[in-house]
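**Q** Sending over final.txt (compact mmCIF, C-alpha atoms).
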```txt
# COMPACT_ATOMS: atom_id res chain seq x y z
CA MET R 1 -24.96 -27.32 -13.05
CA LYS R 2 -26.43 -23.82 -13.26
CA TYR R 3 -24.87 -22.96 -9.89
CA PHE R 4 -21.46 -24.20 -11.05
CA PHE R 5 -21.68 -22.17 -14.28
CA LEU R 6 -22.76 -19.04 -12.40
CA MET R 7 -19.94 -19.50 -9.91
CA MET R 8 -17.34 -19.90 -12.69
CA VAL R 9 -18.59 -16.79 -14.52
CA THR R 10 -18.48 -14.83 -11.25
CA LEU R 11 -14.93 -15.99 -10.49
CA LEU R 12 -13.80 -15.19 -14.03
CA PHE R 13 -15.33 -11.71 -13.82
CA GLN R 14 -13.74 -11.08 -10.41
CA SER R 15 -10.27 -12.08 -11.55
CA GLN R 16 -10.54 -10.03 -14.73
CA SER R 17 -11.69 -6.92 -12.87
CA LYS R 18 -8.96 -7.33 -10.24
CA ALA R 19 -6.31 -7.75 -12.92
CA GLN R 20 -7.42 -4.48 -14.49
CA GLN R 21 -7.21 -2.67 -11.15
CA LEU R 22 -3.85 -4.09 -10.12
CA PRO R 23 -1.65 -4.15 -13.19
CA GLN R 24 0.98 -6.84 -13.52
CA LEU R 25 3.68 -4.21 -14.19
CA ILE R 26 4.32 -0.61 -13.12
CA GLU R 27 7.01 1.66 -14.60
CA TYR R 28 8.88 3.99 -12.24
CA HIS R 29 12.31 5.69 -12.52
CA ASN R 30 13.00 3.78 -15.75
CA ASN R 31 12.49 0.48 -13.91
CA THR R 32 9.78 -2.09 -14.33
CA TYR R 33 8.14 -3.34 -11.14
CA GLN R 34 6.21 -6.59 -11.21
CA LEU R 35 3.27 -7.53 -9.03
CA CYS R 36 4.64 -9.84 -6.35
CA GLN R 37 1.54 -10.31 -4.24
CA ASP R 38 -1.96 -8.93 -3.87
CA PHE R 39 -4.59 -8.73 -1.15
CA THR R 40 -8.24 -7.70 -1.15
CA LEU R 41 -9.30 -5.66 1.86
CA ARG R 42 -12.94 -6.30 2.69
CA TYR R 43 -15.46 -5.08 5.19
CA GLY R 44 -17.15 -8.29 6.26
CA LEU R 45 -17.19 -10.98 3.61
CA VAL R 46 -18.77 -9.12 0.74
CA ILE R 47 -17.87 -5.42 0.65
CA LYS R 48 -14.60 -4.73 -1.15
CA ILE R 49 -12.75 -1.71 0.19
CA ALA R 50 -9.46 -1.94 -1.73
CA ASP R 51 -7.16 -4.19 -3.70
CA ILE R 52 -3.60 -3.86 -2.44
CA GLY R 53 -0.53 -5.05 -4.32
CA TRP R 54 3.17 -4.88 -3.69
CA TYR R 55 5.59 -4.56 -6.57
CA ALA R 56 9.35 -4.98 -6.95
CA PRO R 57 11.90 -5.18 -9.77
CA ALA R 58 12.29 -8.88 -8.93
CA CYS R 59 9.86 -10.63 -6.60
CA GLU R 60 11.94 -13.70 -5.84
CA ASN R 61 15.03 -11.85 -4.58
CA ASN R 62 13.77 -10.51 -1.25
CA SER R 63 10.72 -10.26 0.93
CA LEU R 64 8.72 -7.06 0.93
CA THR R 65 10.48 -5.70 4.02
CA GLU R 66 13.94 -6.40 2.53
CA GLN R 67 13.21 -4.73 -0.82
CA THR R 68 15.04 -1.43 -1.27
CA ASP R 69 12.89 -0.54 -4.30
CA LYS R 70 9.19 -1.30 -3.94
CA ILE R 71 5.74 0.03 -4.64
CA ILE R 72 2.60 -0.60 -2.63
CA ARG R 73 -0.55 0.17 -4.62
CA PHE R 74 -3.87 0.75 -2.84
CA HIS R 75 -6.68 0.64 -5.41
CA TYR R 76 -9.96 1.71 -3.78
CA HIS R 77 -13.49 0.47 -4.39
CA LYS R 78 -15.04 2.91 -1.91
CA ASN R 79 -14.68 6.63 -1.29
CA VAL R 80 -12.37 7.39 1.65
CA SER R 81 -11.67 10.77 3.23
CA ALA R 82 -8.19 12.27 3.48
CA ASP R 83 -8.68 12.70 7.24
CA PHE R 84 -8.99 8.94 7.65
CA PHE R 85 -5.64 8.41 5.92
CA LYS R 86 -3.93 11.18 7.88
CA LYS R 87 -5.18 10.06 11.29
CA SER R 88 -4.62 6.33 10.85
CA ALA R 89 -1.18 6.80 9.25
CA GLU R 90 -0.07 9.04 12.11
CA GLU R 91 -1.47 6.74 14.80
CA TYR R 92 0.11 3.55 13.45
CA PHE R 93 3.38 5.19 12.44
CA LEU R 94 3.90 6.47 16.00
CA LEU R 95 2.65 3.22 17.52
CA ASN R 96 5.37 1.31 15.68
CA LEU R 97 8.29 3.52 16.73
CA ASN R 98 10.64 2.28 19.41
CA ASN R 99 10.79 5.32 21.70
CA GLN R 100 10.02 8.99 22.32
CA ALA R 101 13.30 10.11 20.76
CA GLU R 102 12.30 8.52 17.43
CA GLN R 103 8.85 10.11 17.69
CA SER R 104 10.34 13.55 18.28
CA LYS R 105 12.86 13.17 15.47
CA LEU R 106 10.33 12.00 12.85
CA ALA R 107 7.19 13.91 13.90
CA THR R 108 7.70 16.89 11.58
CA THR R 109 8.45 14.73 8.55
CA LEU R 110 5.42 12.59 9.35
CA LYS R 111 3.06 15.58 9.52
CA GLN R 112 4.44 17.06 6.29
CA PHE R 113 4.18 13.75 4.44
CA ASN R 114 0.67 12.93 5.70
CA GLN R 115 -0.68 16.38 4.81
CA ALA R 116 -0.47 15.37 1.16
CA TYR R 117 -3.20 12.72 1.44
CA THR R 118 -6.38 13.69 -0.38
CA ASN R 119 -9.86 12.25 -0.52
CA ILE R 120 -10.03 9.24 -2.79
CA LYS R 121 -12.95 8.00 -4.85
CA SER R 122 -13.88 4.52 -5.92
CA GLY R 123 -11.66 3.53 -8.85
CA GLU R 124 -8.71 5.71 -7.81
CA TYR R 125 -5.43 4.58 -6.28
CA PHE R 126 -2.46 5.62 -4.17
CA ASP R 127 1.07 4.38 -4.86
CA LEU R 128 3.56 4.44 -2.02
CA VAL R 129 7.00 4.24 -3.64
CA HIS R 130 10.20 3.41 -1.76
CA TRP R 131 13.08 4.02 -4.13
CA ASN R 132 16.81 3.43 -3.79
CA ASP R 133 16.36 2.60 -0.09
CA GLN R 134 16.09 6.33 0.66
CA GLN R 135 13.26 8.19 -1.02
CA LEU R 136 9.60 7.72 -0.19
CA SER R 137 6.94 9.25 -2.40
CA LEU R 138 3.17 9.24 -2.42
CA TRP R 139 1.35 9.27 -5.76
CA LYS R 140 -2.34 9.43 -6.56
CA ASN R 141 -3.38 8.22 -10.00
CA LYS R 142 0.14 8.86 -11.41
CA GLN R 143 0.33 12.35 -9.88
CA LEU R 144 3.03 13.05 -7.28
CA LEU R 145 1.55 14.31 -4.01
CA THR R 146 4.67 14.41 -1.82
CA GLU R 147 8.09 12.88 -1.25
CA THR R 148 10.84 12.78 1.32
CA ASP R 149 14.52 11.90 1.11
CA ASP R 150 14.76 10.87 4.78
CA PRO R 151 15.87 7.20 4.59
CA VAL R 152 14.94 6.43 8.21
CA PHE R 153 11.45 7.83 7.76
CA ALA R 154 11.07 6.01 4.43
CA LYS R 155 11.81 2.61 5.97
CA LYS R 156 9.73 3.17 9.09
CA TYR R 157 6.68 4.41 7.18
CA PHE R 158 6.02 0.86 5.97
CA ASN R 159 5.65 -0.23 9.60
CA ILE R 160 2.15 1.27 9.44
CA TRP R 161 1.18 -1.92 7.58
CA PHE R 162 4.06 -4.31 8.31
CA GLY R 163 5.40 -3.37 11.77
CA LYS R 164 4.74 -5.05 15.10
CA ASN R 165 1.38 -3.21 15.38
CA PRO R 166 -0.01 -3.09 11.82
CA VAL R 167 -3.13 -1.16 10.91
CA ILE R 168 -4.42 -4.19 8.91
CA LYS R 169 -3.18 -7.42 10.49
CA LYS R 170 -4.51 -9.58 7.65
CA LEU R 171 -2.47 -7.56 5.14
CA LYS R 172 0.74 -8.13 7.10
CA THR R 173 -0.08 -11.82 7.37
CA ALA R 174 -0.72 -12.05 3.61
CA PHE R 175 2.39 -10.16 2.51
CA ILE R 176 4.96 -10.97 5.19
CA GLU R 177 3.97 -14.11 7.01
CA SER R 178 2.66 -16.20 4.10
```
Could the structure of this file be written out as structure tokens, please?

**A**
Amino acid sequence: MKYFFLMMVTLLFQSQSKAQQLPQLIEYHNNTYQLCQDFTLRYGLVIKIADIGWYAPACENNSLTEQTDKIIRFHYHKNVSADFFKKSAEEYFLLNLNNQAEQSKLATTLKQFNQAYTNIKSGEYFDLVHWNDQQLSLWKNKQLLTETDDPVFAKKYFNIWFGKNPVIKKLKTAFIES
């Protein structure tokens, strides 16, 4: 009985703390985005790295990849260096492009966009916002870091997580293939 009680208290605490880190609603461009799905990235079974949620004006209308307006929130539980974000984003962005011509065309935009990543501390978050099927912006704790109006780049940037070679396969499985 004690074990059951302890387990229930632990589960209650975990869901309350996750709810605080991933809000049910986010306001952006005078629109309300609702949490459609969430995923906890872990190292091993115990160590939480980040809670990741995807948001849309209406979750039931389209899948994440079909949404023209969406937000992906990465709420971190560990400190992560900007270099890690820059290197992994570049590697997986290029890995998911179809050919050299695409790489050449998008390389400058990719470097400019990725330069905006900063170190992140436990408790902070990044929002990746795809708006109006054209603009892509990167926010950290409600502060704009960078944006681009290149619609091709904006769509392809999500392939880092949801393309044929995703950086986190379990995230793609949870958000796309569930």

**Q** Nearest residue to R:Ser137 out of R:Leu95, R:Ile72, R:Leu106, R:Ala89, using only C-alpha atoms?

**A** R:Ile72

**Q** I need the residue nearest R:Gln134 from this list: R:Glu102, R:Glu90, R:Asp69, R:Asp83. Use only C-alpha atoms for the distance.

**A**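 Answer, going by the shortest atom-to-atom distance: R:Asp69.
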
**Q** Do you have the atom CA of R:Pro166-atom CA of R:Glu147 distance handy?

**A** 22.2 Å

**Q** Using all atoms listed in the file, which protein or nucleic acid residues come within 9 Å of R:Ala82? Drop anything in the same chain fewer than 4 positions from it, and give the result as a ChimeraX atom specification.

**A** /R:86-87,115-120

**Q** Output the selection as a compact mmCIF listing (two decimals), keeping the file's coordinate frame - C-alpha atoms for each residue.

**A**
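Once written, out-v3.txt looks like this:
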```txt
# COMPACT_ATOMS: atom_id res chain seq x y z
CA LYS R 86 -3.93 11.18 7.88
CA LYS R 87 -5.18 10.06 11.29
CA GLN R 115 -0.68 16.38 4.81
CA ALA R 116 -0.47 15.37 1.16
CA TYR R 117 -3.20 12.72 1.44
CA THR R 118 -6.38 13.69 -0.38
CA ASN R 119 -9.86 12.25 -0.52
CA ILE R 120 -10.03 9.24 -2.79
```

**Q** Identify which of the residues R:Leu35, R:Leu41, R:Tyr28, R:Thr109 lies closest to R:Cys59, counting only C-alpha atoms when measuring atom-to-atom distances.

**A**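 Looking only at the distances to R:Cys59, the closest residue turns out to be R:Leu35.
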
**Q** Please identify all polymer residues within 12 Å of R:Leu138, counting all atoms listed in the file, omitting same-chain residues fewer than 5 positions from it, and present them as a list in words.

**A** Ile71, Ile72, Arg73, Phe74, Gln112, Phe113, Asn114, Gln115, Ala116, Tyr117, Thr118, Tyr125, Phe126, Asp127, Leu128, Val129, His130, Trp131, Gln143, Leu144, Leu145, Thr146, Glu147, Thr148, Ala154 and Tyr157 of chain R

**Q** Measuring between only C-alpha atoms, which one of R:Leu22, R:Leu97, R:Ala56, R:Val167 shows the shortest distance to R:Thr40?

**A**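 Closest to R:Thr40, using only C-alpha atoms: R:Leu22.
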
**Q** Quick one, how far is atom CA of R:Ala107 from atom CA of R:Phe93?

**A** 9.6 Å

**Q** Write out as a VMD selection string each polymer residue whose atoms come within 12 Å of R:Lys172, counting all atoms listed in the file; drop sequence neighbours fewer than 3 positions from it.

**A** chain R and resid 37 to 39 41 52 to 54 63 to 65 158 to 169 175 to 178

**Q** Using all atoms listed in the file, pick whichever of R:Thr68, R:Asp150, R:Ile49, R:Ile26 has the shortest atom-to-atom distance to R:Asn132.

**A**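 Among the listed residues, the smallest separation from R:Asn132 belongs to R:Thr68.
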
**Q** Quick one: pull the distance between atom CA of R:Thr108 and atom CA of R:Phe84, Å, one decimal.

**A**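 Atom-to-atom, atom CA of R:Thr108 to atom CA of R:Phe84, that is 18.9 Å.
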
**Q** Check the smallest atom-to-atom distance from each of R:Thr32, R:Gln21, R:Ser122, R:Asn99 to R:Ser81 using all atoms listed in the file, then report the winner.

**A**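 Under the stated criterion, the closest residue is R:Ser122.
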